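Q: This is structure-v4.tsv, which holds TSV, C-alpha atoms and all ligand atoms:
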chain	number	residue	atom	x	y	z
Q	1	MET	CA	1.17	42.80	40.48
Q	2	SER	CA	4.56	44.47	40.20
Q	3	LEU	CA	7.33	43.58	42.61
Q	4	PHE	CA	7.15	47.10	44.03
Q	5	ASP	CA	3.44	46.69	44.82
Q	6	ARG	CA	4.12	43.36	46.45
Q	7	LEU	CA	6.85	44.85	48.61
Q	8	LEU	CA	4.69	47.82	49.48
Q	9	GLY	CA	1.94	45.44	50.59
Q	10	ARG	CA	4.44	43.52	52.62
Q	11	LYS	CA	5.68	46.66	54.31
Q	12	LYS	CA	2.12	47.71	55.16
Q	13	ASP	CA	1.43	44.27	56.57
Q	14	GLU	CA	4.55	44.50	58.64
Q	15	GLU	CA	3.21	47.69	60.13
Q	16	THR	CA	-0.23	46.19	60.79
Q	17	PRO	CA	-0.24	44.80	64.31
Q	18	GLN	CA	-3.19	42.39	64.05
Q	19	LYS	CA	-1.43	39.91	61.79
Q	20	THR	CA	2.17	38.96	62.37
Q	21	PHE	CA	4.70	40.02	59.83
Q	22	LEU	CA	5.76	36.47	59.38
Q	23	GLY	CA	2.24	35.26	58.73
Q	24	LYS	CA	1.69	37.89	56.06
Q	25	VAL	CA	5.03	37.34	54.41
Q	26	LYS	CA	4.31	33.66	54.28
Q	27	ASP	CA	1.01	34.42	52.53
Q	28	ALA	CA	2.72	36.70	50.05
Q	29	LEU	CA	5.89	34.82	49.33
Q	30	ALA	CA	5.16	31.21	50.06
Q	31	PRO	CA	1.79	30.28	48.64
Q	32	LEU	CA	2.56	26.61	49.31
Q	33	SER	CA	2.96	25.26	52.79
Q	34	ALA	CA	6.13	23.32	53.48
Q	35	ASP	CA	4.12	20.07	53.28
Q	36	GLU	CA	2.50	20.97	49.97
Q	37	ASP	CA	5.83	22.06	48.64
Q	38	GLN	CA	7.35	18.80	49.67
Q	39	THR	CA	4.51	16.80	48.11
Q	40	LEU	CA	4.90	18.68	44.86
Q	41	ALA	CA	8.63	18.16	44.92
Q	42	GLU	CA	8.14	14.44	45.40
Q	43	ASN	CA	5.75	14.27	42.44
Q	44	LYS	CA	8.07	16.11	40.09
Q	45	PRO	CA	10.22	14.08	37.70
Q	46	ALA	CA	13.74	13.74	39.03
Q	47	SER	CA	15.15	15.97	36.31
Q	48	THR	CA	13.05	18.91	37.49
Q	49	PRO	CA	15.22	21.53	39.15
Q	50	GLN	CA	14.82	21.52	42.89
Q	51	LYS	CA	16.34	23.16	45.89
Q	52	PRO	CA	16.05	21.83	49.37
Q	53	ALA	CA	12.80	23.04	50.90
Q	54	GLU	CA	13.44	25.55	53.61
Q	55	SER	CA	13.05	23.68	56.83
Q	56	ASP	CA	12.31	26.97	58.56
Q	57	SER	CA	11.24	29.80	56.30
Q	58	ALA	CA	11.19	32.20	59.25
Q	59	SER	CA	14.91	31.79	59.66
Q	60	SER	CA	15.44	32.36	55.95
Q	61	GLU	CA	13.61	35.71	56.13
Q	62	ASP	CA	15.50	36.69	59.24
Q	63	HIS	CA	18.72	35.73	57.51
Q	64	TYR	CA	18.02	37.93	54.54
Q	65	GLU	CA	17.08	40.88	56.68
Q	66	ALA	CA	20.03	40.48	59.01
Q	67	GLY	CA	22.48	39.59	56.24
Q	68	LEU	CA	21.62	42.66	54.22
Q	69	THR	CA	21.72	45.10	57.12
Q	70	LYS	CA	24.99	46.72	56.07
Q	71	THR	CA	23.95	47.29	52.48
Q	72	ARG	CA	20.49	48.43	53.48
Q	73	SER	CA	21.54	50.91	56.12
Q	74	SER	CA	24.42	52.26	54.06
Q	75	PHE	CA	22.20	52.82	51.01
Q	76	ALA	CA	19.31	54.16	53.06
Q	77	GLU	CA	21.66	56.54	54.84
Q	78	LYS	CA	23.12	57.88	51.60
Q	79	PHE	CA	19.72	58.05	50.00
Q	80	GLN	CA	18.20	59.87	52.93
Q	81	LEU	CA	21.06	62.33	52.86
Q	82	LEU	CA	20.41	62.91	49.19
Q	83	MET	CA	16.74	63.50	49.86
Q	84	ALA	CA	17.47	65.72	52.86
Q	85	ASN	CA	19.38	68.03	50.52
Q	86	PHE	CA	16.63	67.88	47.94
Q	87	ARG	CA	15.73	71.26	46.52
Q	88	ALA	CA	14.49	70.60	43.01
Q	89	VAL	CA	14.52	67.96	40.29
Q	90	ASP	CA	17.47	69.38	38.43
Q	91	GLU	CA	20.72	68.17	36.94
Q	92	ASN	CA	22.47	68.53	40.26
Q	93	PHE	CA	20.02	66.22	41.91
Q	94	PHE	CA	20.48	63.51	39.30
Q	95	ASP	CA	24.28	63.82	39.50
Q	96	GLU	CA	24.06	63.19	43.22
Q	97	LEU	CA	21.68	60.31	42.69
Q	98	GLU	CA	24.17	58.71	40.29
Q	99	GLU	CA	26.89	59.03	42.90
Q	100	THR	CA	24.66	57.44	45.53
Q	101	LEU	CA	23.94	54.49	43.26
Q	102	ILE	CA	27.57	54.03	42.27
Q	103	ALA	CA	28.55	54.03	45.95
Q	104	ALA	CA	26.11	51.12	46.46
Q	105	ASP	CA	28.08	49.23	43.79
Q	106	VAL	CA	25.26	48.84	41.31
Q	107	GLY	CA	27.84	49.67	38.64
Q	108	PHE	CA	28.57	52.82	36.70
Q	109	GLU	CA	26.55	52.04	33.58
Q	110	ILE	CA	23.53	50.91	35.52
Q	111	ALA	CA	23.66	54.01	37.71
Q	112	LEU	CA	23.60	56.18	34.59
Q	113	LYS	CA	20.83	54.14	33.01
Q	114	ILE	CA	18.66	54.31	36.10
Q	115	SER	CA	19.29	58.02	36.44
Q	116	ASP	CA	18.37	58.65	32.77
Q	117	GLU	CA	15.22	56.61	32.98
Q	118	LEU	CA	14.29	58.32	36.21
Q	119	GLN	CA	14.63	61.75	34.70
Q	120	ASP	CA	12.07	60.75	32.07
Q	121	GLU	CA	9.79	59.18	34.60
Q	122	VAL	CA	9.89	62.04	37.07
Q	123	ARG	CA	8.96	64.41	34.25
Q	124	LEU	CA	6.30	62.09	32.92
Q	125	LYS	CA	4.69	61.83	36.32
Q	126	ASN	CA	5.25	65.51	36.88
Q	127	ALA	CA	6.70	64.62	40.25
Q	128	THR	CA	8.03	67.70	41.96
Q	129	SER	CA	7.54	67.19	45.66
Q	130	LYS	CA	10.21	65.43	47.64
Q	131	LYS	CA	7.82	62.60	48.53
Q	132	GLU	CA	6.77	62.00	44.93
Q	133	VAL	CA	10.36	62.03	43.73
Q	134	GLN	CA	11.49	59.61	46.44
Q	135	GLU	CA	8.64	57.22	45.66
Q	136	THR	CA	9.34	57.31	41.95
Q	137	ILE	CA	13.01	56.57	42.50
Q	138	ILE	CA	12.46	53.60	44.80
Q	139	GLU	CA	9.76	52.21	42.54
Q	140	LYS	CA	12.13	52.51	39.60
Q	141	LEU	CA	14.98	50.81	41.43
Q	142	VAL	CA	12.81	47.88	42.42
Q	143	ASP	CA	11.48	47.72	38.86
Q	144	VAL	CA	14.93	47.75	37.25
Q	145	TYR	CA	15.99	45.07	39.67
Q	146	ASP	CA	12.96	42.94	38.86
Q	147	GLN	CA	13.33	43.35	35.09
Q	148	ALA	CA	17.00	42.46	35.15
Q	149	GLY	CA	16.09	39.09	36.62
Q	150	ASN	CA	13.25	38.38	34.21
Q	151	GLY	CA	13.17	34.77	33.10
Q	152	GLU	CA	16.08	33.95	35.38
Q	153	ASP	CA	16.27	30.32	36.45
Q	154	ASN	CA	17.40	30.28	40.08
Q	155	SER	CA	16.66	26.61	40.66
Q	156	MET	CA	19.22	23.85	41.07
Q	157	HIS	CA	19.30	21.33	38.25
Q	158	MET	CA	19.29	17.71	39.33
Q	159	ALA	CA	20.21	14.52	37.52
Q	160	ALA	CA	17.65	12.02	36.28
Q	161	ALA	CA	16.57	9.46	38.86
Q	162	GLY	CA	19.22	6.89	39.66
Q	163	ASN	CA	22.18	9.09	38.78
Q	164	PRO	CA	24.17	11.33	41.08
Q	165	SER	CA	23.87	15.10	40.53
Q	166	VAL	CA	27.28	16.70	40.29
Q	167	PHE	CA	27.82	20.29	41.48
Q	168	LEU	CA	31.19	21.77	40.56
Q	169	PHE	CA	32.30	24.81	42.57
Q	170	VAL	CA	34.67	27.30	40.95
Q	171	GLY	CA	36.01	30.71	41.92
Q	172	VAL	CA	39.20	32.43	43.00
Q	173	ASN	CA	40.78	31.64	46.35
Q	174	GLY	CA	39.18	32.82	49.54
Q	175	VAL	CA	35.75	33.58	48.10
Q	176	GLY	CA	34.08	30.88	50.19
Q	177	LYS	CA	33.85	27.78	47.98
Q	178	THR	CA	34.68	25.25	50.70
Q	179	THR	CA	32.47	26.97	53.27
Q	180	THR	CA	29.56	27.07	50.82
Q	181	ILE	CA	29.95	23.36	50.05
Q	182	GLY	CA	29.97	22.64	53.79
Q	183	LYS	CA	26.77	24.63	54.31
Q	184	MET	CA	25.00	23.28	51.24
Q	185	ALA	CA	25.95	19.66	51.88
Q	186	GLN	CA	24.36	20.00	55.31
Q	187	LEU	CA	21.14	21.35	53.79
Q	188	TYR	CA	20.84	18.48	51.32
Q	189	ARG	CA	21.80	15.89	53.88
Q	190	GLN	CA	19.00	17.13	56.11
Q	191	GLN	CA	16.74	16.28	53.17
Q	192	SER	CA	17.96	12.69	53.42
Q	193	LYS	CA	20.16	12.97	50.35
Q	194	LYS	CA	23.23	10.79	50.25
Q	195	VAL	CA	26.02	13.31	49.84
Q	196	LEU	CA	29.65	12.89	48.77
Q	197	LEU	CA	32.33	15.61	48.72
Q	198	ALA	CA	35.41	15.65	46.47
Q	199	ALA	CA	38.48	17.58	47.63
Q	200	ALA	CA	39.83	18.49	44.19
Q	201	ASP	CA	41.76	21.50	45.47
Q	202	THR	CA	45.03	19.61	45.82
Q	203	PHE	CA	46.98	22.79	45.14
Q	204	ARG	CA	46.58	24.67	48.39
Q	205	ALA	CA	48.00	23.12	51.52
Q	206	GLY	CA	45.18	22.81	54.02
Q	207	ALA	CA	42.33	22.90	51.52
Q	208	THR	CA	41.71	19.16	51.78
Q	209	GLU	CA	41.78	19.20	55.59
Q	210	GLN	CA	39.28	22.05	55.57
Q	211	LEU	CA	36.86	20.03	53.44
Q	212	VAL	CA	37.44	16.90	55.53
Q	213	GLU	CA	36.52	18.97	58.60
Q	214	TRP	CA	33.27	20.03	56.94
Q	215	ALA	CA	32.54	16.43	55.94
Q	216	LYS	CA	32.92	15.38	59.59
Q	217	ARG	CA	30.70	18.18	60.79
Q	218	ASP	CA	28.07	17.41	58.14
Q	219	GLN	CA	28.44	13.65	58.64
Q	220	VAL	CA	28.93	13.05	54.94
Q	221	ASP	CA	31.64	11.17	53.02
Q	222	VAL	CA	34.61	12.74	51.27
Q	223	VAL	CA	37.11	11.65	48.61
Q	224	THR	CA	40.61	13.09	48.92
Q	225	GLY	CA	43.94	12.94	47.07
Q	226	LYS	CA	47.51	13.67	48.02
Q	227	GLU	CA	48.73	17.28	48.09
Q	228	LYS	CA	49.79	18.44	44.59
Q	229	SER	CA	48.29	15.30	43.02
Q	230	ASP	CA	46.19	15.60	39.86
Q	231	PRO	CA	42.80	17.08	40.82
Q	232	ALA	CA	41.18	15.30	37.87
Q	233	ALA	CA	42.22	11.99	39.43
Q	234	VAL	CA	40.38	12.92	42.64
Q	235	VAL	CA	37.34	13.87	40.56
Q	236	PHE	CA	37.55	10.55	38.68
Q	237	ASP	CA	37.60	8.55	41.92
Q	238	ALA	CA	34.78	10.61	43.40
Q	239	VAL	CA	32.49	10.24	40.38
Q	240	LYS	CA	33.16	6.51	40.24
Q	241	ARG	CA	32.33	6.15	43.92
Q	242	ALA	CA	29.23	8.34	43.57
Q	243	VAL	CA	27.95	6.10	40.76
Q	244	ASP	CA	28.96	2.75	42.26
Q	245	GLN	CA	27.65	3.55	45.73
Q	246	HIS	CA	24.51	5.37	44.62
Q	247	TYR	CA	25.12	8.82	46.05
Q	248	ASP	CA	22.50	11.47	45.28
Q	249	ILE	CA	24.81	14.48	45.12
Q	250	LEU	CA	28.52	14.94	44.57
Q	251	PHE	CA	30.00	18.34	45.51
Q	252	VAL	CA	33.37	19.07	43.88
Q	253	ASP	CA	35.63	21.66	45.55
Q	254	THR	CA	38.25	23.10	43.18
Q	255	ALA	CA	41.38	25.19	43.53
Q	256	GLY	CA	41.01	28.96	43.44
Q	257	ARG	CA	44.53	29.66	42.34
Q	258	LEU	CA	47.10	28.02	40.12
Q	259	GLN	CA	50.24	29.44	38.54
Q	260	ASN	CA	48.05	31.56	36.30
Q	261	ASN	CA	44.48	31.90	35.11
Q	262	GLU	CA	45.11	29.94	31.95
Q	263	ASN	CA	46.24	26.92	33.97
Q	264	LEU	CA	43.29	27.31	36.29
Q	265	MET	CA	40.79	27.33	33.41
Q	266	ARG	CA	42.54	24.37	31.74
Q	267	GLU	CA	42.38	22.44	34.99
Q	268	LEU	CA	38.67	23.16	35.33
Q	269	GLU	CA	38.02	21.97	31.79
Q	270	LYS	CA	39.94	18.78	32.48
Q	271	MET	CA	37.87	18.13	35.59
Q	272	LYS	CA	34.67	18.75	33.67
Q	273	LYS	CA	35.71	16.29	30.97
Q	274	THR	CA	36.55	13.69	33.60
Q	275	ILE	CA	33.04	14.08	34.99
Q	276	THR	CA	31.32	14.04	31.59
Q	277	ARG	CA	33.19	10.94	30.43
Q	278	GLN	CA	31.59	8.96	33.26
Q	279	LEU	CA	28.31	10.87	33.48
Q	280	PRO	CA	27.46	12.49	30.13
Q	281	GLU	CA	24.70	14.72	31.62
Q	282	ALA	CA	26.91	15.99	34.44
Q	283	PRO	CA	27.90	18.35	35.94
Q	284	GLN	CA	24.35	19.53	36.54
Q	285	GLU	CA	25.66	22.79	38.01
Q	286	VAL	CA	28.90	24.73	37.66
Q	287	LEU	CA	28.54	27.27	40.44
Q	288	LEU	CA	30.82	30.28	40.40
Q	289	VAL	CA	31.37	31.52	43.93
Q	290	LEU	CA	31.89	35.27	44.28
Q	291	ASP	CA	32.77	37.31	47.35
Q	292	ALA	CA	30.30	40.21	47.53
Q	293	THR	CA	32.68	42.28	49.65
Q	294	THR	CA	34.92	42.69	46.61
Q	295	GLY	CA	32.19	44.58	44.74
Q	296	GLN	CA	33.14	45.36	41.15
Q	297	ASN	CA	36.09	42.95	41.38
Q	298	ALA	CA	33.62	40.13	41.77
Q	299	LEU	CA	32.00	41.25	38.54
Q	300	GLN	CA	35.37	41.18	36.82
Q	301	GLN	CA	35.97	37.61	38.03
Q	302	ALA	CA	32.53	36.59	36.86
Q	303	ARG	CA	33.32	37.88	33.37
Q	304	LEU	CA	36.56	35.91	33.29
Q	305	PHE	CA	35.01	32.63	34.42
Q	306	LYS	CA	31.94	33.07	32.25
Q	307	ASP	CA	34.14	33.47	29.18
Q	308	SER	CA	36.22	30.38	29.96
Q	309	THR	CA	33.83	27.87	31.40
Q	310	ASP	CA	30.10	27.10	31.28
Q	311	VAL	CA	28.99	28.65	34.54
Q	312	THR	CA	25.38	27.72	35.29
Q	313	GLY	CA	24.86	29.96	38.29
Q	314	LEU	CA	26.38	32.08	41.02
Q	315	VAL	CA	26.79	31.88	44.75
Q	316	LEU	CA	27.30	35.30	46.26
Q	317	THR	CA	29.01	34.99	49.64
Q	318	LYS	CA	29.70	37.35	52.54
Q	319	LEU	CA	26.75	39.62	51.84
Q	320	ASP	CA	26.57	40.07	55.60
Q	321	GLY	CA	29.99	41.68	55.63
Q	322	THR	CA	29.47	44.32	52.98
Q	323	ALA	CA	27.58	47.44	52.02
Q	324	LYS	CA	28.04	46.42	48.38
Q	325	GLY	CA	24.92	44.28	47.97
Q	326	GLY	CA	24.05	46.37	44.89
Q	327	ILE	CA	26.49	44.14	43.06
Q	328	VAL	CA	23.65	41.66	42.55
Q	329	LEU	CA	21.98	44.21	40.32
Q	330	ALA	CA	25.15	44.74	38.30
Q	331	ILE	CA	25.59	40.97	37.90
Q	332	ARG	CA	21.99	40.45	36.85
Q	333	GLN	CA	21.97	43.32	34.43
Q	334	GLU	CA	25.29	42.65	32.81
Q	335	LEU	CA	26.02	38.95	32.91
Q	336	HIS	CA	22.59	37.36	32.94
Q	337	LEU	CA	23.86	34.66	35.22
Q	338	PRO	CA	21.35	33.59	37.84
Q	339	VAL	CA	22.34	34.03	41.47
Q	340	LYS	CA	21.30	30.69	42.98
Q	341	TRP	CA	22.48	31.01	46.56
Q	342	VAL	CA	23.62	33.72	48.94
Q	343	GLY	CA	26.03	33.44	51.85
Q	344	LEU	CA	24.80	35.57	54.74
Q	345	GLY	CA	27.29	34.68	57.46
Q	346	GLU	CA	29.89	32.16	58.57
Q	347	LYS	CA	27.66	29.68	60.39
Q	348	VAL	CA	26.56	26.45	58.74
Q	349	THR	CA	22.99	27.76	58.59
Q	350	ASP	CA	24.00	31.05	56.93
Q	351	LEU	CA	23.29	29.98	53.37
Q	352	ALA	CA	19.99	30.66	51.65
Q	353	PRO	CA	18.57	29.92	48.22
Q	354	PHE	CA	18.40	33.21	46.36
Q	355	ASP	CA	14.97	34.75	46.57
Q	356	ALA	CA	14.56	37.97	44.61
Q	357	ASP	CA	11.61	39.29	46.60
Q	358	GLN	CA	13.30	38.72	49.92
Q	359	PHE	CA	16.49	40.18	48.61
Q	360	VAL	CA	14.94	43.39	47.28
Q	361	TYR	CA	12.86	43.75	50.41
Q	362	GLY	CA	16.01	43.32	52.47
Q	363	LEU	CA	17.62	46.10	50.46
Q	364	PHE	CA	14.87	48.70	50.32
Q	365	LYS	CA	12.70	47.92	53.33
Q	366	ASP	CA	13.66	51.11	55.14
Q	367	LEU	CA	12.83	53.30	52.14
Q	368	ILE	CA	9.51	51.87	51.02
W	401	LIG	N1	30.98	36.57	56.82
W	401	LIG	C1	30.99	35.56	55.95
W	401	LIG	N2	32.12	34.84	55.78
W	401	LIG	C2	32.11	33.82	54.90
W	401	LIG	C3	30.97	33.51	54.12
W	401	LIG	N3	31.30	32.45	53.31
W	401	LIG	C4	32.60	32.15	53.59
W	401	LIG	N4	33.10	32.96	54.53
W	401	LIG	C5	34.47	32.98	55.09
W	401	LIG	O1	35.39	33.22	54.05
W	401	LIG	C6	36.65	32.63	54.34
W	401	LIG	C7	37.16	31.86	53.12
W	401	LIG	O2	36.30	30.78	52.88
W	401	LIG	P1	36.75	29.43	52.16
W	401	LIG	O3	35.54	28.57	52.11
W	401	LIG	O4	37.97	28.88	52.77
W	401	LIG	O5	37.12	29.96	50.70
W	401	LIG	P2	37.60	29.13	49.43
W	401	LIG	O6	37.01	29.77	48.24
W	401	LIG	O7	37.33	27.68	49.60
W	401	LIG	O8	39.17	29.40	49.44
W	401	LIG	P3	40.37	28.55	48.75
W	401	LIG	O9	40.29	27.16	49.34
W	401	LIG	O10	41.60	29.29	49.17
W	401	LIG	O11	40.16	28.57	47.29
W	401	LIG	C8	36.41	31.76	55.56
W	401	LIG	O12	36.90	32.44	56.70
W	401	LIG	C9	34.88	31.64	55.66
W	401	LIG	O13	34.42	31.48	56.97
W	401	LIG	C10	29.76	34.30	54.31
W	401	LIG	O14	28.71	34.13	53.67
W	401	LIG	N5	29.85	35.32	55.23
Any chance you could put this one into structure tokens?
Ligand SMILES: Nc1nc2c(ncn2[C@@H]2O[C@H](COP(=O)(O)OP(=O)(O)OP(=O)(O)O)[C@@H](O)[C@H]2O)c(=O)[nH]1
A:
Amino acid sequence: MSLFDRLLGRKKDEETPQKTFLGKVKDALAPLSADEDQTLAENKPASTPQKPAESDSASSEDHYEAGLTKTRSSFAEKFQLLMANFRAVDENFFDELEETLIAADVGFEIALKISDELQDEVRLKNATSKKEVQETIIEKLVDVYDQAGNGEDNSMHMAAAGNPSVFLFVGVNGVGKTTTIGKMAQLYRQQSKKVLLAAADTFRAGATEQLVEWAKRDQVDVVTGKEKSDPAAVVFDAVKRAVDQHYDILFVDTAGRLQNNENLMRELEKMKKTITRQLPEAPQEVLLVLDATTGQNALQQARLFKDSTDVTGLVLTKLDGTAKGGIVLAIRQELHLPVKWVGLGEKVTDLAPFDADQFVYGLFKDLI
């Protein structure tokens, strides 16, 4: 069944009063109960990628829907305006469609591609009425979105049993690295993981205190260094402690800004080598954190980091504060880097594992 059909079914279920929306969505999106999921997770070899099971899937759905409100309503509004002015399937119409897509930050090239493919499809289906055209467009958008993520591995990679998993967080300053670590550490700790944080952003005054605050709130341990000290030395101490004291997960917070990008990338490489020297299989994840509110700028940053370091996945933060959620499509289509987590608010609970179905539903719900 295509993603579009699944979403359509979900929408119909939502409108059917006899079964609750939540119940239906659970059937459609979560074939395993939390218990089954947990049992399966326990039976998997330790190297199998895992994410913390959602302790409350209802809240995850609510988060997606609420977190994507701005993008959804902004796109729906523009799209409805486009359709309200619909006269015929002509060049004018497709020009306006391109503009609507670009405004949602799906990216220029993708907007053109979608528009071209749609022109073919609308003709092929001989769609002329407003309703037919609208349906074809939404189906195509969902389809393009789904295809772009084909074969994408959104799971978190974990170390073999007995070794700590190391997650290195990179990204420019202010994107939400520290906040994401704070939220994620809490999630894993709730799963009874022994969690250690490393404050390797020794560059920015206040960065260490911020992480120490999170560690207190999460009730997890943290390794710190002096301001302006060598971040690799902090990483060295943290990895050593993680190994010696049998931690399950080590989160490494890094600086977002140095004198220049070259220095920043060199510093990251040095940290990675420090990790690998002690734990050859680590880091299991190098997560690039991007601020969704910066739209195409985020894409530019992703290109830069992807070229300089082995990014394994993305965390897209602040989706709640932007109408530019279409950026996920641009990232998927262009960079082929899996989005692994999304930040949907400032609270500790406002972090969710990326779920394509929930995301697309959150985007197009009002138009399906
Ligand atoms: N609305 C919203 N705000 C967020 C989200 N994630 C982070 N923030 C906010 O973004 C701001 C910057 O977050 P930080 O975690 O300090 O960013 P950073 O990347 O560690 O910054 P540097 O330490 O300067 O490199 C803070 O005010 C966070 O509360 C999110 O998902 N939604």
Q: Hey, which residues sit close to ligand LIG 401 (chain W)? Say within 9 Å, counting all atoms listed in the file, and write them as a PDB file with C-alpha atoms, in the coordinates of the input.
A:
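That gives us out_25.pdb:
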ATOM      1  CA  GLY Q  67      22.480  39.590  56.240  1.00  0.00           C
ATOM      2  CA  PHE Q 169      32.300  24.810  42.570  1.00  0.00           C
ATOM      3  CA  VAL Q 170      34.670  27.300  40.950  1.00  0.00           C
ATOM      4  CA  GLY Q 171      36.010  30.710  41.920  1.00  0.00           C
ATOM      5  CA  VAL Q 172      39.200  32.430  43.000  1.00  0.00           C
ATOM      6  CA  ASN Q 173      40.780  31.640  46.350  1.00  0.00           C
ATOM      7  CA  GLY Q 174      39.180  32.820  49.540  1.00  0.00           C
ATOM      8  CA  VAL Q 175      35.750  33.580  48.100  1.00  0.00           C
ATOM      9  CA  GLY Q 176      34.080  30.880  50.190  1.00  0.00           C
ATOM     10  CA  LYS Q 177      33.850  27.780  47.980  1.00  0.00           C
ATOM     11  CA  THR Q 178      34.680  25.250  50.700  1.00  0.00           C
ATOM     12  CA  THR Q 179      32.470  26.970  53.270  1.00  0.00           C
ATOM     13  CA  THR Q 180      29.560  27.070  50.820  1.00  0.00           C
ATOM     14  CA  ILE Q 181      29.950  23.360  50.050  1.00  0.00           C
ATOM     15  CA  GLY Q 182      29.970  22.640  53.790  1.00  0.00           C
ATOM     16  CA  ASP Q 201      41.760  21.500  45.470  1.00  0.00           C
ATOM     17  CA  ARG Q 204      46.580  24.670  48.390  1.00  0.00           C
ATOM     18  CA  ALA Q 205      48.000  23.120  51.520  1.00  0.00           C
ATOM     19  CA  GLY Q 206      45.180  22.810  54.020  1.00  0.00           C
ATOM     20  CA  ALA Q 207      42.330  22.900  51.520  1.00  0.00           C
ATOM     21  CA  THR Q 208      41.710  19.160  51.780  1.00  0.00           C
ATOM     22  CA  GLN Q 210      39.280  22.050  55.570  1.00  0.00           C
ATOM     23  CA  LEU Q 211      36.860  20.030  53.440  1.00  0.00           C
ATOM     24  CA  ASP Q 253      35.630  21.660  45.550  1.00  0.00           C
ATOM     25  CA  THR Q 254      38.250  23.100  43.180  1.00  0.00           C
ATOM     26  CA  ALA Q 255      41.380  25.190  43.530  1.00  0.00           C
ATOM     27  CA  GLY Q 256      41.010  28.960  43.440  1.00  0.00           C
ATOM     28  CA  ARG Q 257      44.530  29.660  42.340  1.00  0.00           C
ATOM     29  CA  VAL Q 289      31.370  31.520  43.930  1.00  0.00           C
ATOM     30  CA  LEU Q 290      31.890  35.270  44.280  1.00  0.00           C
ATOM     31  CA  ASP Q 291      32.770  37.310  47.350  1.00  0.00           C
ATOM     32  CA  ALA Q 292      30.300  40.210  47.530  1.00  0.00           C
ATOM     33  CA  LEU Q 316      27.300  35.300  46.260  1.00  0.00           C
ATOM     34  CA  THR Q 317      29.010  34.990  49.640  1.00  0.00           C
ATOM     35  CA  LYS Q 318      29.700  37.350  52.540  1.00  0.00           C
ATOM     36  CA  LEU Q 319      26.750  39.620  51.840  1.00  0.00           C
ATOM     37  CA  ASP Q 320      26.570  40.070  55.600  1.00  0.00           C
ATOM     38  CA  GLY Q 321      29.990  41.680  55.630  1.00  0.00           C
ATOM     39  CA  THR Q 322      29.470  44.320  52.980  1.00  0.00           C
ATOM     40  CA  VAL Q 342      23.620  33.720  48.940  1.00  0.00           C
ATOM     41  CA  GLY Q 343      26.030  33.440  51.850  1.00  0.00           C
ATOM     42  CA  LEU Q 344      24.800  35.570  54.740  1.00  0.00           C
ATOM     43  CA  GLY Q 345      27.290  34.680  57.460  1.00  0.00           C
ATOM     44  CA  GLU Q 346      29.890  32.160  58.570  1.00  0.00           C
ATOM     45  CA  LYS Q 347      27.660  29.680  60.390  1.00  0.00           C
ATOM     46  CA  ASP Q 350      24.000  31.050  56.930  1.00  0.00           C
ATOM     47  CA  LEU Q 351      23.290  29.980  53.370  1.00  0.00           C
TER      48      LEU Q 351
END
Q: Step by step: start from the point (14.5, 68.4, 52.9) in the file's coordinates, keep every protein, DNA or RNA residue that has an atom no farther than 12 Å from it, count all atoms listed in the file, and write the set as a list in words.
A: Phe79, Gln80, Leu81, Leu82, Met83, Ala84, Asn85, Phe86, Arg87, Ala88, Ser129, Lys130, Lys131, Val133 and Gln134 of chain Q
Q: Tell me which protein, DNA and RNA residues are within 12 Å of Glu267 in chain Q, counting only C-alpha atoms, leaving out same-chain ones fewer than 4 positions away, and put them as a list in words.
A: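 Within the cut-off, the hits are Val170, Ala200, Asp201, Thr202, Phe203, Asp230, Pro231, Ala232, Ala233, Val235, Thr254, Ala255, Gly256, Arg257, Leu258, Gln259, Asn260, Asn261, Glu262, Asn263, Met271, Lys272, Lys273, Thr274, Ser308 and Thr309 of chain Q.
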Q: Given the choices Q:Lys78, Q:Lys193, Q:Arg6, Q:Arg266, which gets closest to Asp143 in chain Q if the distance is worked out from all atoms listed in the file?
A: Q:Arg6
Q: Give the answer as one residue: which of Q:Phe75, Q:Ile249, Q:Glu209, Q:Val166 has the shortest atom-to-atom distance to Ala185 in chain Q, using all atoms listed in the file?
A: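 Between Q:Phe75, Q:Ile249, Q:Glu209, Q:Val166, the residue approaching Ala185 in chain Q most closely is Q:Ile249.
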Q: Give the answer as one residue: which of Q:Glu132, Q:Gln301, Q:Leu288, Q:Phe251 has the shortest atom-to-atom distance to Met184 in chain Q, using only C-alpha atoms?
A: Q:Phe251
Q: Restricting the calculation to all atoms listed in the file, which member of Q:Val243, Q:Arg10, Q:Glu96, Q:Asp248 is positioned closest to Ala161 in chain Q?
A: Q:Asp248
Q: Could you name the residues that touch Leu250 in chain Q at 7 Å or less, counting only C-alpha atoms, but leaving out those on the same chain fewer than 3 positions away, as a list in words?
A: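 Using only C-alpha atoms, the neighbours found are Pro164, Ser165, Val166, Phe167, Val195, Leu196, Leu197 and Ala242 of chain Q.
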Q: At a cut-off of 8 Å, using only C-alpha atoms, what residues contact Thr71 in chain Q? Leave out same-chain residues fewer than 6 positions from it and give the result as a count of residues only.
A: 7
Q: If you measure from CA of Asp221 in chain Q to CA of Ala282 in chain Q, what distance in Å do you get, rounded to one decimal?
A: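 It comes out at 19.8 Å.
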